[in-house]
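Each remark here refers to the structure printed beneath this line.
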Amino acid sequence: MAEDLLFIADDLAERSAKGRLRSRLLRDNSVEIARKWGLKIEYLYVVDLKIPLFKKQQFKILKENFDAIKGSVEEKYRKEKIPAEINILYGIPAEEILKSVRLANEARLLLIGTQGRKGIKKLLMGSVAEEVLRNTSTPVLVLGPKAQEKRKVLQISEKMKVLFLTDFSDSSDAAESFLISFCSKFKCPVLIAHSVGEQISRIRQSLLAAGDVPLDIERMFNQMTEDAQRDLQRKTRDFQKKGLKATSHLFVKEERLEASLKSLLAKMDLVVMGTRGRNKVLSSFVGSTARDLILNSPVPVVAIRNEED
């Protein structure tokens, strides 16, 4: 059944030390998730038909050794007694991954890793991961570069700590539904967090730049903070009524959410958040929050695009 599938998108041709680590972490996380959730694994590797010439030899080696690589992956899942199918596809990676997920009528979860980018390219988390996130409503668990450095493997239990970031808009609805289902099943506590400080900071900077600062600006910001606190308390009560162990935290300091989250993330095991639509640049809450979080989080991030966005 489609809802019993866990997809993994992995680059088996990447033989660098970081690439091998990323593959191992994806497999280790998939074992934990599939076992606890009772899922069958669909493992996808896409041979990019638009690869540059300098990588041709890399794929020649992969083709010659693919049976051995495939056998090694299959053996891991056999030892863990988890049903798994390893598939090699040809085409444009993001398109083939999305096609496979769509044909499955939307799987339960998709796992993918990203190496991020440096310098001018640091705005991109990786063309494949970003394209997939923009174009599927299937929950996507992303292992970012910081989570890979930490060798993060989920341990799903009642002790697992989940952080849910919400902006109270429709873009958080799908993520909220996933979170409720996940935490209800595994009885793990959830911390619901919202940043009003980042919103206030952006509004303040915009008004200052325009030279049009209202006389009652601080009263306006105080009202925003009170409204956010009230919404957060209401959301927490709703979660508790559903049987979840829910607490909340409101970020009021006027700084980027990434800075506010820095110490908190060290205490978490998983982050769940919503993302917005199919814009050229992936965004959530405001600007590049989702991308920044994925690239800098020391724990896996489940990002979910609302189907109606």
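Chain lettering (A, B, ...) mirrors the order of the structure tokens, residue numbering begins at 1 for each chain separately, and ligand numbering begins at 1 in order of display.
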
For region 92-108 of chain A, list every protein, DNA or RNA residue within 8 Å, evaluated using only C-alpha atoms, and leave out those in the same chain fewer than 2 positions away; present the list as a ChimeraX atom specification.
/A:2-7,9,44,46-50,89-90,110,128-129,131-132,135-139

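Neighbours of Glu218 (chain A) closer than or equal to 12 Å, with only C-alpha atoms counted and sequence neighbours fewer than 6 positions away skipped, come out as Ile200, Ser201, Ile203, Arg204, Met224 and Thr225 of chain A.
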
Test item: residues at most 12 Å from Phe186 (chain A), only C-alpha atoms, excluding those fewer than 3 positions along its chain, as a ChimeraX atom specification
/A:33,36-37,155-162,179-183,189-190,243-245

Need to verify the contact set: Gly19 (chain A), 12 Å, only C-alpha atoms, exclusion of same-chain residues closer than 3 positions in sequence. Can you return it as a ChimeraX atom specification?
/A:10-16,22-26,113-115,145,148-149

Restrict the selected residues to N, CA and C atoms and save them as a PDB file, in the first residue's frame.
ATOM      1  N   ASP A  10      19.085   8.574  -2.794  1.00  0.00           N
ATOM      2  CA  ASP A  10      20.489   8.556  -2.420  1.00  0.00           C
ATOM      3  C   ASP A  10      21.359   8.507  -3.671  1.00  0.00           C
ATOM      4  N   ASP A  11      22.529   9.123  -3.586  1.00  0.00           N
ATOM      5  CA  ASP A  11      23.474   9.137  -4.704  1.00  0.00           C
ATOM      6  C   ASP A  11      24.523   8.049  -4.494  1.00  0.00           C
ATOM      7  N   LEU A  12      24.277   6.885  -5.057  1.00  0.00           N
ATOM      8  CA  LEU A  12      25.204   5.762  -4.892  1.00  0.00           C
ATOM      9  C   LEU A  12      26.497   5.962  -5.669  1.00  0.00           C
ATOM     10  N   ALA A  13      26.525   6.937  -6.568  1.00  0.00           N
ATOM     11  CA  ALA A  13      27.747   7.197  -7.345  1.00  0.00           C
ATOM     12  C   ALA A  13      28.713   8.095  -6.586  1.00  0.00           C
ATOM     13  N   GLU A  14      28.252   8.711  -5.512  1.00  0.00           N
ATOM     14  CA  GLU A  14      29.101   9.603  -4.727  1.00  0.00           C
ATOM     15  C   GLU A  14      29.990   8.769  -3.811  1.00  0.00           C
ATOM     16  N   ARG A  15      31.258   8.666  -4.139  1.00  0.00           N
ATOM     17  CA  ARG A  15      32.164   7.793  -3.390  1.00  0.00           C
ATOM     18  C   ARG A  15      33.120   8.567  -2.490  1.00  0.00           C
ATOM     19  N   SER A  16      32.903   9.855  -2.306  1.00  0.00           N
ATOM     20  CA  SER A  16      33.737  10.619  -1.386  1.00  0.00           C
ATOM     21  C   SER A  16      33.424  10.189   0.043  1.00  0.00           C
ATOM     22  N   ARG A  22      26.992  10.144   4.231  1.00  0.00           N
ATOM     23  CA  ARG A  22      25.595  10.542   4.015  1.00  0.00           C
ATOM     24  C   ARG A  22      24.735   9.319   3.687  1.00  0.00           C
ATOM     25  N   SER A  23      25.230   8.442   2.815  1.00  0.00           N
ATOM     26  CA  SER A  23      24.490   7.234   2.457  1.00  0.00           C
ATOM     27  C   SER A  23      24.272   6.344   3.681  1.00  0.00           C
ATOM     28  N   ARG A  24      25.317   6.178   4.484  1.00  0.00           N
ATOM     29  CA  ARG A  24      25.194   5.315   5.664  1.00  0.00           C
ATOM     30  C   ARG A  24      24.170   5.883   6.645  1.00  0.00           C
ATOM     31  N   LEU A  25      24.198   7.205   6.849  1.00  0.00           N
ATOM     32  CA  LEU A  25      23.251   7.821   7.773  1.00  0.00           C
ATOM     33  C   LEU A  25      21.817   7.715   7.260  1.00  0.00           C
ATOM     34  N   LEU A  26      21.624   7.866   5.949  1.00  0.00           N
ATOM     35  CA  LEU A  26      20.289   7.699   5.373  1.00  0.00           C
ATOM     36  C   LEU A  26      19.778   6.287   5.623  1.00  0.00           C
ATOM     37  N   GLY A 113      19.348  13.470   1.627  1.00  0.00           N
ATOM     38  CA  GLY A 113      20.438  14.207   2.250  1.00  0.00           C
ATOM     39  C   GLY A 113      20.887  15.337   1.348  1.00  0.00           C
ATOM     40  N   THR A 114      21.494  16.339   1.936  1.00  0.00           N
ATOM     41  CA  THR A 114      22.020  17.435   1.132  1.00  0.00           C
ATOM     42  C   THR A 114      23.352  17.871   1.701  1.00  0.00           C
ATOM     43  N   GLN A 115      24.265  18.229   0.805  1.00  0.00           N
ATOM     44  CA  GLN A 115      25.586  18.660   1.245  1.00  0.00           C
ATOM     45  C   GLN A 115      25.680  20.161   1.432  1.00  0.00           C
ATOM     46  N   PRO A 145      23.878  19.145   6.216  1.00  0.00           N
ATOM     47  CA  PRO A 145      25.311  18.946   6.465  1.00  0.00           C
ATOM     48  C   PRO A 145      25.681  18.914   7.943  1.00  0.00           C
ATOM     49  N   GLN A 148      24.665  15.618   9.414  1.00  0.00           N
ATOM     50  CA  GLN A 148      25.599  14.582   8.969  1.00  0.00           C
ATOM     51  C   GLN A 148      26.896  14.643   9.768  1.00  0.00           C
ATOM     52  N   GLU A 149      27.374  15.845  10.034  1.00  0.00           N
ATOM     53  CA  GLU A 149      28.594  15.991  10.831  1.00  0.00           C
ATOM     54  C   GLU A 149      28.407  15.413  12.229  1.00  0.00           C
TER      55      GLU A 149
END

Give the helix (DSSP H, G or I) residues of region 208-258 of chain A, as assigned by DSSP on the backbone, as a VMD selection string.
chain A and resid 208 to 210 217 to 241 257 to 258

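Every protein, DNA or RNA residue with an atom at most 12 Å from Leu261 (chain A), where only C-alpha atoms count and chain neighbours fewer than 4 positions away do not, is listed here: Leu163, Phe164, Leu165, Ala193, His194, Ser195, Glu198, His249, Leu250, Phe251, Val252, Lys253, Glu255, Arg256, Leu257, Leu265, Ala266, Lys267, Met268, Val271, Thr289, Asp292, Leu293, Asn296, Ser297, Pro298 and Val299 of chain A.
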
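Taking CA of Cys188 (chain A) as the reference point, CA of Ala246 (chain A) is found at 9.2 Å.
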
Per DSSP on the backbone, what are the strand (DSSP E or B) residues of region 137-223 of chain A, as JSON, numbers by chain?
{"A": [140, 141, 142, 143, 162, 163, 164, 165, 190, 191, 192, 193, 194, 195]}

Using Å and a single decimal, report how far CA of Arg151 (chain A) sits from CA of Ser260 (chain A).
23.2 Å

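Going from CA of Ala259 (chain A) to CA of Asn306 (chain A) covers 25.6 Å.
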